[in-house]
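Note: the block below is data.cif and it holds mmCIF, C-alpha atoms.
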```cif
data_work
loop_
_atom_site.label_atom_id
_atom_site.label_comp_id
_atom_site.auth_asym_id
_atom_site.auth_seq_id
_atom_site.Cartn_x
_atom_site.Cartn_y
_atom_site.Cartn_z
CA MET F 208 31.25 -26.46 -9.54
CA GLN F 209 28.49 -27.42 -7.11
CA LEU F 210 27.51 -26.53 -3.55
CA VAL F 211 28.65 -29.22 -1.08
CA ALA F 212 29.38 -29.64 2.61
CA LEU F 213 31.64 -32.14 4.34
CA GLY F 214 32.00 -32.51 8.08
CA LEU F 215 31.65 -34.33 11.34
CA ASN F 216 30.16 -33.41 14.71
CA HIS F 217 29.39 -34.70 18.20
CA HIS F 218 26.68 -36.94 16.73
CA THR F 219 28.98 -38.71 14.29
CA ALA F 220 32.43 -38.74 15.89
CA PRO F 221 33.96 -39.07 19.37
CA LEU F 222 36.12 -36.32 20.81
CA ALA F 223 39.33 -38.18 19.95
CA ILE F 224 38.44 -37.98 16.25
CA ARG F 225 37.02 -34.43 16.35
CA GLU F 226 40.19 -33.00 17.83
CA GLN F 227 42.25 -34.45 14.98
CA LEU F 228 40.15 -32.53 12.45
CA ALA F 229 39.86 -29.27 14.40
CA PHE F 230 41.28 -26.15 12.75
CA PRO F 231 42.83 -23.71 15.26
CA ALA F 232 41.95 -20.10 14.47
CA GLU F 233 45.49 -19.27 13.36
CA GLN F 234 45.41 -22.07 10.75
CA LEU F 235 42.07 -21.25 9.13
CA ALA F 236 43.28 -18.64 6.66
CA ASP F 237 46.10 -20.82 5.32
CA ALA F 238 43.75 -23.80 5.08
CA LEU F 239 41.17 -21.83 3.07
CA ARG F 240 43.81 -20.49 0.69
CA ASP F 241 45.21 -23.98 0.20
CA LEU F 242 41.75 -25.45 -0.39
CA THR F 243 40.89 -22.92 -3.10
CA GLY F 244 44.43 -22.51 -4.40
CA SER F 245 44.68 -26.24 -5.08
CA GLN F 246 41.66 -25.91 -7.41
CA THR F 247 39.74 -28.31 -5.14
CA ALA F 248 37.15 -25.61 -4.53
CA HIS F 249 36.18 -22.32 -6.11
CA GLU F 250 34.68 -20.98 -2.86
CA ALA F 251 35.16 -22.26 0.69
CA ALA F 252 34.42 -21.60 4.36
CA ILE F 253 35.44 -23.73 7.34
CA LEU F 254 33.45 -23.91 10.59
CA SER F 255 35.51 -25.42 13.41
CA THR F 256 34.15 -25.52 16.98
CA CYS F 257 34.42 -27.85 19.96
CA ASN F 258 31.52 -29.90 18.59
CA ARG F 259 32.06 -29.84 14.83
CA THR F 260 34.35 -29.28 11.86
CA GLU F 261 32.55 -28.53 8.60
CA ILE F 262 33.70 -27.41 5.16
CA TYR F 263 31.20 -25.54 2.99
CA ALA F 264 32.38 -25.23 -0.60
CA SER F 265 31.63 -24.68 -4.24
CA ALA F 266 33.64 -27.61 -5.56
CA ARG F 267 33.97 -30.04 -8.45
CA ASP F 268 32.89 -32.95 -6.27
CA ILE F 269 32.74 -33.99 -2.63
CA ASP F 270 35.46 -36.65 -2.95
CA SER F 271 38.07 -34.06 -3.88
CA VAL F 272 37.17 -32.06 -0.75
CA LEU F 273 37.47 -35.21 1.37
CA ALA F 274 40.87 -35.97 -0.17
CA TRP F 275 42.02 -32.42 0.61
CA LEU F 276 40.79 -32.62 4.22
CA ALA F 277 42.59 -35.92 4.84
CA ARG F 278 45.78 -34.61 3.27
CA ASN F 279 45.66 -31.30 5.17
CA ARG F 280 45.14 -33.03 8.52
CA GLY F 281 47.63 -35.80 7.75
CA LEU F 282 45.03 -38.57 8.04
CA ASP F 283 43.88 -41.53 5.95
CA VAL F 284 40.75 -40.98 3.85
CA GLU F 285 39.24 -44.37 4.63
CA ALA F 286 39.88 -43.94 8.35
CA LEU F 287 37.91 -40.68 8.27
CA ARG F 288 35.03 -41.74 6.05
CA PRO F 289 32.90 -43.53 8.73
CA TYR F 290 32.70 -40.35 10.83
CA LEU F 291 31.90 -37.86 8.06
CA TYR F 292 28.72 -36.66 6.40
CA ALA F 293 28.86 -35.55 2.76
CA LEU F 294 25.98 -33.33 1.64
CA ASP F 295 24.68 -32.20 -1.74
CA ALA F 296 23.36 -28.69 -2.40
CA GLU F 297 19.89 -29.07 -0.89
CA ALA F 298 21.14 -31.04 2.11
CA THR F 299 23.92 -28.49 2.64
CA ALA F 300 21.42 -25.64 2.87
CA ARG F 301 19.13 -27.56 5.22
CA HIS F 302 22.08 -28.56 7.43
CA ALA F 303 23.47 -25.01 7.62
CA PHE F 304 20.03 -23.67 8.57
CA ARG F 305 19.62 -26.33 11.29
CA VAL F 306 23.08 -25.70 12.71
CA ALA F 307 22.59 -21.92 12.90
CA SER F 308 19.17 -22.39 14.50
CA GLY F 309 20.62 -24.54 17.28
CA LEU F 310 18.82 -27.71 16.17
CA ASP F 311 22.03 -29.65 15.60
CA SER F 312 23.81 -28.52 18.76
CA MET F 313 24.66 -30.49 21.86
CA VAL F 314 22.63 -27.83 23.66
CA LEU F 315 19.33 -27.72 21.74
CA GLY F 316 18.56 -24.11 20.90
CA GLU F 317 21.91 -22.64 21.97
CA THR F 318 22.81 -19.31 20.35
CA GLN F 319 26.61 -19.29 20.49
CA ILE F 320 26.85 -21.20 17.21
CA VAL F 321 25.51 -18.24 15.19
CA GLY F 322 28.47 -16.13 16.30
CA GLN F 323 30.85 -18.96 15.44
CA ILE F 324 29.39 -19.23 11.91
CA LYS F 325 29.71 -15.46 11.48
CA ASP F 326 33.37 -15.71 12.51
CA ALA F 327 33.93 -18.46 9.93
CA VAL F 328 32.28 -16.32 7.23
CA ARG F 329 34.36 -13.31 8.23
CA VAL F 330 37.60 -15.28 7.86
CA ALA F 331 36.51 -16.59 4.45
CA GLU F 332 35.65 -13.04 3.32
CA THR F 333 39.03 -11.77 4.46
CA CYS F 334 40.79 -14.59 2.58
CA GLY F 335 38.78 -13.94 -0.57
CA THR F 336 37.31 -17.46 -0.62
CA LEU F 337 33.68 -16.38 -0.26
CA GLY F 338 31.83 -15.83 -3.54
CA THR F 339 28.23 -15.29 -4.59
CA LEU F 340 27.14 -18.86 -3.89
CA LEU F 341 28.42 -19.19 -0.31
CA ASN F 342 27.63 -15.58 0.52
CA THR F 343 24.00 -16.17 -0.45
CA LEU F 344 23.93 -19.45 1.48
CA PHE F 345 25.17 -17.84 4.70
CA GLN F 346 23.00 -14.74 4.45
CA LYS F 347 20.03 -17.09 4.05
CA THR F 348 21.39 -19.09 6.99
CA PHE F 349 21.46 -16.07 9.28
CA SER F 350 17.98 -14.90 8.26
CA THR F 351 16.62 -18.41 8.82
CA ALA F 352 18.17 -18.60 12.29
CA LYS F 353 16.66 -15.20 13.11
CA ALA F 354 13.23 -16.39 11.95
CA VAL F 355 13.48 -19.54 14.08
CA ARG F 356 14.49 -17.52 17.17
CA SER F 357 11.72 -14.97 16.72
CA GLN F 358 8.93 -17.37 15.77
CA THR F 359 9.64 -20.24 18.20
CA ALA F 360 10.73 -20.77 21.80
CA ILE F 361 13.64 -23.00 20.77
CA GLY F 362 16.05 -21.17 23.08
CA ALA F 363 13.78 -21.34 26.14
CA ASN F 364 15.08 -23.28 29.16
CA SER F 365 18.39 -23.87 27.39
CA VAL F 366 21.18 -25.08 29.68
CA SER F 367 24.53 -23.99 28.25
CA MET F 368 27.81 -25.84 28.70
CA ALA F 369 28.96 -22.93 30.87
CA ALA F 370 25.96 -23.37 33.19
CA ALA F 371 26.49 -27.13 33.15
CA GLY F 372 30.01 -26.57 34.47
CA VAL F 373 28.60 -24.88 37.57
CA LYS F 374 26.06 -27.69 38.05
CA LEU F 375 28.82 -30.30 37.95
CA ALA F 376 30.92 -28.38 40.47
CA GLU F 377 27.91 -28.16 42.80
CA GLN F 378 27.62 -31.96 42.69
CA ILE F 379 31.21 -32.32 43.92
CA PHE F 380 31.61 -29.47 46.41
CA PRO F 381 29.18 -28.29 49.12
CA SER F 382 29.28 -24.63 48.07
CA ILE F 383 30.70 -22.62 45.17
CA ARG F 384 31.32 -19.77 47.63
CA GLU F 385 34.20 -21.70 49.19
CA LEU F 386 35.97 -22.44 45.90
CA ASN F 387 38.83 -20.81 44.04
CA VAL F 388 38.16 -20.99 40.31
CA LEU F 389 40.90 -21.04 37.66
CA LEU F 390 39.82 -20.22 34.09
CA ILE F 391 42.35 -20.96 31.36
CA GLY F 392 41.85 -18.91 28.19
CA ALA F 393 40.09 -15.59 27.60
CA GLY F 394 37.70 -16.31 24.74
CA GLU F 395 33.92 -16.22 24.54
CA MET F 396 33.41 -19.62 26.17
CA ILE F 397 35.61 -18.77 29.16
CA GLU F 398 33.80 -15.44 29.53
CA LEU F 399 30.47 -17.32 29.68
CA VAL F 400 31.88 -19.72 32.27
CA ALA F 401 33.23 -16.81 34.31
CA THR F 402 29.80 -15.16 34.25
CA HIS F 403 28.07 -18.27 35.60
CA PHE F 404 30.62 -18.94 38.34
CA ALA F 405 30.78 -15.26 39.35
CA ALA F 406 27.01 -15.30 39.88
CA HIS F 407 27.61 -17.83 42.70
CA GLN F 408 30.26 -15.59 44.34
CA PRO F 409 33.21 -17.99 44.58
CA ALA F 410 36.09 -17.28 46.95
CA GLY F 411 38.26 -16.20 44.02
CA ILE F 412 38.53 -16.18 40.24
CA THR F 413 41.83 -16.39 38.36
CA VAL F 414 42.19 -16.07 34.60
CA ALA F 415 45.25 -17.66 33.00
CA ASN F 416 46.01 -16.56 29.45
CA ARG F 417 48.91 -16.46 27.02
CA THR F 418 48.92 -12.66 27.14
CA LEU F 419 48.52 -11.03 30.55
CA GLU F 420 46.76 -7.93 29.20
CA ARG F 421 43.83 -9.84 27.71
CA GLY F 422 43.55 -11.98 30.82
CA GLU F 423 43.45 -8.88 33.01
CA ARG F 424 40.64 -7.36 30.92
CA LEU F 425 38.47 -10.42 31.50
CA ALA F 426 39.44 -10.89 35.16
CA SER F 427 38.64 -7.27 35.98
CA GLN F 428 35.00 -7.81 34.97
CA PHE F 429 34.58 -10.32 37.78
CA GLY F 430 36.86 -8.91 40.45
CA GLY F 431 39.47 -11.56 39.74
CA ARG F 432 43.17 -11.62 38.96
CA ALA F 433 45.16 -12.69 35.91
CA ILE F 434 48.25 -14.82 35.38
CA VAL F 435 50.16 -16.01 32.33
CA LEU F 436 50.18 -19.65 31.20
CA GLN F 437 53.78 -20.06 32.33
CA ASP F 438 52.56 -19.69 35.94
CA LEU F 439 50.05 -22.56 35.72
CA ALA F 440 52.22 -25.14 37.46
CA SER F 441 52.77 -22.95 40.54
CA GLN F 442 49.20 -21.60 40.66
CA LEU F 443 47.31 -24.85 40.05
CA PRO F 444 47.53 -26.10 43.67
CA LEU F 445 45.68 -22.96 44.84
CA HIS F 446 42.51 -23.76 42.91
CA ASP F 447 39.61 -26.15 43.42
CA VAL F 448 37.97 -25.68 40.01
CA VAL F 449 39.78 -25.54 36.67
CA VAL F 450 37.90 -24.75 33.45
CA THR F 451 39.89 -24.51 30.24
CA SER F 452 39.06 -23.53 26.67
CA THR F 453 42.01 -22.43 24.55
CA ALA F 454 43.00 -22.88 20.92
CA SER F 455 46.23 -24.70 21.81
CA PRO F 456 46.98 -27.56 19.39
CA VAL F 457 48.55 -29.57 22.24
CA PRO F 458 47.56 -30.13 25.91
CA ILE F 459 48.70 -27.40 28.29
CA LEU F 460 48.10 -29.42 31.48
CA GLY F 461 49.73 -32.83 31.77
CA LYS F 462 49.36 -35.64 34.26
CA GLY F 463 52.67 -34.84 35.96
CA THR F 464 51.77 -31.21 36.61
CA VAL F 465 48.39 -32.10 38.07
CA GLU F 466 49.91 -34.89 40.17
CA LYS F 467 52.36 -32.45 41.76
CA ALA F 468 49.52 -30.00 42.46
CA LEU F 469 47.51 -32.73 44.23
CA LYS F 470 50.44 -33.54 46.51
CA ILE F 471 50.73 -29.88 47.51
CA ARG F 472 46.98 -29.81 48.12
CA ARG F 473 47.32 -32.96 50.22
CA HIS F 474 44.96 -34.69 47.79
CA LYS F 475 42.14 -32.24 48.24
CA PRO F 476 40.00 -32.88 45.09
CA ILE F 477 40.10 -30.74 41.95
CA PHE F 478 37.19 -30.41 39.53
CA MET F 479 38.45 -29.95 35.96
CA LEU F 480 36.29 -29.13 32.92
CA ASP F 481 38.03 -29.22 29.53
CA LEU F 482 35.89 -27.44 26.92
CA ALA F 483 38.64 -27.28 24.31
CA VAL F 484 38.96 -29.25 21.07
CA PRO F 485 41.73 -30.40 20.77
CA ARG F 486 41.82 -31.08 24.51
CA ASP F 487 43.79 -28.78 26.84
CA ILE F 488 44.14 -31.44 29.55
CA GLU F 489 45.81 -34.79 28.93
CA ALA F 490 43.29 -37.64 29.04
CA GLU F 491 45.56 -39.50 31.53
CA VAL F 492 44.74 -36.85 34.15
CA ALA F 493 41.40 -38.61 34.62
CA GLU F 494 43.31 -41.59 36.07
CA LEU F 495 44.26 -39.57 39.17
CA ALA F 496 42.09 -40.47 42.15
CA ASP F 497 41.45 -36.94 43.37
CA VAL F 498 40.62 -35.37 40.02
CA PHE F 499 37.12 -35.09 38.55
CA LEU F 500 37.84 -34.47 34.86
CA TYR F 501 35.03 -33.80 32.37
CA THR F 502 35.17 -33.03 28.63
CA VAL F 503 32.58 -31.50 26.31
CA ASP F 504 31.17 -34.97 25.59
CA ASP F 505 30.82 -35.81 29.29
CA ILE F 506 28.38 -33.00 30.02
CA ALA F 507 25.86 -33.97 27.34
CA ALA F 508 23.41 -35.41 29.88
CA ILE F 509 23.36 -32.19 31.88
CA VAL F 510 22.86 -29.90 28.94
CA ASP F 511 19.98 -32.11 27.85
CA ALA F 512 17.98 -30.68 30.75
CA GLY F 513 14.99 -28.83 29.37
CA ARG F 514 15.25 -30.59 26.00
CA GLU F 515 11.73 -32.05 26.26
CA GLU F 516 10.26 -28.59 26.82
CA ARG F 517 11.89 -27.44 23.59
CA ARG F 518 10.89 -30.34 21.34
CA ALA F 519 7.60 -28.75 20.26
CA ALA F 520 9.47 -25.56 19.37
CA ALA F 521 11.99 -27.67 17.45
CA GLU F 522 9.20 -29.18 15.34
CA THR F 523 7.98 -25.70 14.42
CA ALA F 524 11.55 -24.68 13.64
CA GLU F 525 11.97 -27.66 11.31
CA GLY F 526 8.93 -26.44 9.36
CA ILE F 527 10.50 -22.99 8.96
CA ILE F 528 13.77 -24.56 7.85
CA GLN F 529 12.00 -26.76 5.30
CA GLU F 530 10.39 -23.69 3.72
CA LYS F 531 13.65 -21.71 3.74
CA THR F 532 15.47 -24.66 2.18
CA ARG F 533 12.89 -24.82 -0.61
CA GLU F 534 13.40 -21.10 -1.29
CA PHE F 535 17.17 -21.53 -1.45
CA VAL F 536 16.91 -24.53 -3.80
CA GLN F 537 14.67 -22.46 -6.07
CA TRP F 538 17.31 -19.73 -6.08
CA LEU F 539 19.95 -22.32 -6.96
CA ALA F 540 17.84 -23.65 -9.81
CA GLY F 541 17.31 -20.15 -11.13
CA ARG F 542 21.04 -19.53 -10.90
CA ASP F 543 21.71 -22.62 -13.02
CA THR F 544 19.47 -21.32 -15.82
CA VAL F 545 21.12 -17.89 -15.98
CA PRO F 546 23.75 -18.90 -18.63
CA VAL F 547 21.02 -20.41 -20.87
CA ILE F 548 18.82 -17.33 -20.49
CA ARG F 549 21.73 -15.06 -21.37
CA ALA F 550 22.59 -17.18 -24.42
CA LEU F 551 18.94 -17.07 -25.54
CA GLN F 552 18.89 -13.29 -25.15
CA VAL F 553 22.09 -12.94 -27.18
CA GLU F 554 20.65 -15.16 -29.97
CA ALA F 555 17.37 -13.22 -30.00
CA GLU F 556 19.27 -9.94 -30.24
CA ARG F 557 21.33 -11.29 -33.15
CA ILE F 558 18.16 -12.28 -35.04
CA ARG F 559 16.53 -8.89 -34.33
CA ARG F 560 19.59 -6.95 -35.47
CA HIS F 561 19.94 -8.90 -38.74
CA ALA F 562 16.23 -8.55 -39.53
CA LEU F 563 16.40 -4.82 -38.84
CA GLU F 564 19.43 -4.41 -41.12
CA ALA F 565 17.65 -6.27 -43.95
CA ALA F 566 14.56 -4.08 -43.50
CA ALA F 567 16.66 -0.91 -43.56
CA LYS F 568 18.24 -1.95 -46.89
CA ARG F 569 14.78 -2.47 -48.41
CA LEU F 570 13.74 0.99 -47.28
CA GLN F 571 16.86 2.46 -48.88
CA LYS F 572 15.91 0.73 -52.17
CA GLY F 573 12.61 2.56 -52.12
CA GLU F 574 10.20 -0.16 -51.04
CA SER F 575 7.08 1.10 -49.28
CA PRO F 576 7.17 1.15 -45.45
CA GLN F 577 4.10 -1.09 -45.35
CA ASP F 578 5.82 -3.78 -47.46
CA VAL F 579 9.00 -3.52 -45.38
CA LEU F 580 7.05 -3.91 -42.12
CA GLU F 581 5.32 -6.97 -43.53
CA PHE F 582 8.71 -8.40 -44.57
CA LEU F 583 10.23 -7.61 -41.15
CA SER F 584 7.42 -9.29 -39.20
CA ARG F 585 7.52 -12.43 -41.40
CA GLN F 586 11.32 -12.69 -41.13
CA LEU F 587 11.31 -12.31 -37.34
CA THR F 588 8.55 -14.90 -37.02
CA ASN F 589 10.33 -17.41 -39.27
CA LYS F 590 13.71 -16.92 -37.60
CA LEU F 591 12.32 -17.29 -34.07
CA LEU F 592 10.19 -20.34 -34.94
CA HIS F 593 12.85 -22.13 -36.97
CA PRO F 594 14.90 -23.65 -34.06
CA PRO F 595 11.95 -25.19 -32.11
CA LEU F 596 10.25 -26.44 -35.31
CA GLN F 597 13.50 -27.95 -36.59
CA ALA F 598 14.07 -29.70 -33.23
CA LEU F 599 10.48 -31.01 -33.25
CA ASN F 600 10.80 -32.44 -36.76
CA SER F 601 14.17 -34.08 -36.05
CA HIS F 602 12.97 -36.08 -33.01
CA HIS F 603 10.83 -39.20 -32.86
CA GLY F 604 8.97 -41.33 -30.31
CA GLN F 605 9.21 -40.43 -26.63
CA ALA F 606 11.73 -37.65 -27.25
CA LYS F 607 9.36 -35.97 -29.70
CA ALA F 608 6.44 -36.31 -27.28
CA GLU F 609 8.44 -34.70 -24.46
CA LEU F 610 9.58 -31.87 -26.74
CA THR F 611 6.03 -31.29 -27.96
CA ASP F 612 4.81 -31.07 -24.36
CA ALA F 613 7.62 -28.68 -23.45
CA LEU F 614 6.83 -26.38 -26.39
CA ALA F 615 3.15 -26.37 -25.50
CA ARG F 616 3.98 -25.34 -21.94
CA LEU F 617 6.55 -22.73 -23.00
CA TYR F 618 4.17 -20.97 -25.38
CA ASN F 619 1.03 -21.74 -23.33
CA LEU F 620 -0.51 -23.59 -26.31
CA HIS F 621 -3.72 -25.62 -26.27
CA PRO F 622 -3.62 -27.74 -29.49
CA ASP F 623 -6.84 -29.63 -28.67
#
```

Would you mind giving the structure from this file in structure tokens?
Amino acid sequence: MQLVALGLNHHTAPLAIREQLAFPAEQLADALRDLTGSQTAHEAAILSTCNRTEIYASARDIDSVLAWLARNRGLDVEALRPYLYALDAEATARHAFRVASGLDSMVLGETQIVGQIKDAVRVAETCGTLGTLLNTLFQKTFSTAKAVRSQTAIGANSVSMAAAGVKLAEQIFPSIRELNVLLIGAGEMIELVATHFAAHQPAGITVANRTLERGERLASQFGGRAIVLQDLASQLPLHDVVVTSTASPVPILGKGTVEKALKIRRHKPIFMLDLAVPRDIEAEVAELADVFLYTVDDIAAIVDAGREERRAAAETAEGIIQEKTREFVQWLAGRDTVPVIRALQVEAERIRRHALEAAAKRLQKGESPQDVLEFLSRQLTNKLLHPPLQALNSHHGQAKAELTDALARLYNLHPD
């Protein structure tokens, strides 16, 4: 088993591909159990967000993980391959550290990703698919992200996707104060969006959620009201801004529903921001003349604001990550030698015990303690030196030269 990572993100794959590989929260546990239960991986964790899907695993090889992913998502391996990155142990550690530090995000320096990784780790722990290897990787990941945040200004001047949503709305409408805002979902992203819009004091905020109770809890924080998803069709015409981020595997707003709402609004425009992966709003909605529909990929240019100011901090962060990666690789290397060290200790103990038993028998026969100690020391010396000397004498040429050098270094010898 070896540490590997397989995934795709907003750099390597368009939204249409990312949404096919997204794992809704309710599917994660079953997916992890299937991944480890199929013997594809010994340990596994899956990170699935709007911008990325990544599998971190202790597995036989990366191809078996790829085959599992394609099979689980019902896709062809070769069709997926161009969009995926496959990472070995060192690259996996470096990538995880960069992701958690916000260096691989659409919003350079954003902090939300750390919480998302912690959620992924929590699910893996609950499912029993997190062992020593991945646990150490992620603990190192979190400490690295903390070091980057505390030692650099990577998060300074960061424009989040939630803030970008407000900026886009301001480009379409004269004033946020005159708008009625509909937020679909009640998760962390929607809460962030609600916070940014509420700061501009819109005319009204409505939260639509599958369960009314959770929607009401969020709406009450911003003086808004809550509705259930079944009321979307009737409530949609009353709103100028629609922001959605749910875990629904299928769109919850179709072209027909939006078209009817526009007729009731007498074609007054609607700004729609779909932050979900898979998408909550059918792509065909963008064809309607009075709809301004944006997805997570569309707002990349806006969230890039302030990126230049953070590039120097990013360079410093990369240095921290390089050092943390080196430390993790050293830990991995040490972990690989543990079985050999244990075997050597067992063999040394066997030799010591046998020599001690032989010495005890000599004492029982009446030999002097001084002679027995001399015998014991010679036997231990001969037994311990026999394996390396035998190996040295049985090799020739380059192999013997390499073994000679290794022995000199092991015993700190200076033959010259």

>> With distances taken over only C-alpha atoms, which residue among F:Leu614, F:Ile528, F:Ala555, F:Ala223 lies nearest F:Arg305?
In response: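 Closest candidate: F:Ile528.
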
Kindly assemble as CSV a list of the stretch 315-354 of chain F residues that lie within 9 Å of stretch 244-253 of chain F, each paired with its nearest atom pair and their distance in Å to one decimal, using only C-alpha atoms, sorted first by chain and then by ascending residue number.
```
residue,atom,partner,partner_atom,distance
F:Ile324,CA,F:Ile253,CA,8.8
F:Ala327,CA,F:Ile253,CA,6.1
F:Val328,CA,F:Ala252,CA,6.4
F:Val330,CA,F:Ala252,CA,7.9
F:Ala331,CA,F:Ala252,CA,5.4
F:Glu332,CA,F:Ala252,CA,8.7
F:Gly335,CA,F:Glu250,CA,8.5
F:Thr336,CA,F:Glu250,CA,4.9
F:Leu337,CA,F:Glu250,CA,5.4
F:Gly338,CA,F:Glu250,CA,5.9
F:Thr339,CA,F:Glu250,CA,8.8
F:Leu340,CA,F:Glu250,CA,7.9
F:Leu341,CA,F:Glu250,CA,7.0
```

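Atom CA of F:Gln597 lies 23.4 Å from atom CA of F:Leu563.
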
> Mind telling me what the PyMOL selection byres ((chain F and resi 351) around 8) catches here, as an MDAnalysis selection string?
Replying inline: chainID F and resid 304 308 347:350 352:355 527:528 531

> Suppose you want the space between atom CA of F:Val510 and atom CA of F:Val314; what is it in Å?
Replying inline: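 About the pair atom CA of F:Val510 and atom CA of F:Val314: they are 5.7 Å apart.
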
>> Counting all atoms listed in the file, which residue out of F:Thr413, F:Asn600, F:Gln552, F:Asn279 sits closest to F:Arg240?
In response: F:Asn279

> Neighbours of stretch 438-447 of chain F within 7 Å (only C-alpha atoms; same-chain residues fewer than 3 positions away dropped), as a list in words?
Replying inline: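 Once the nearby chain positions are removed, what remains is Leu386, Asn387, Val388, Leu389, Ile434, Val435, Thr464, Ala468, Leu469, Ile471, Arg472, Pro476, Ile477 and Phe478 of chain F.
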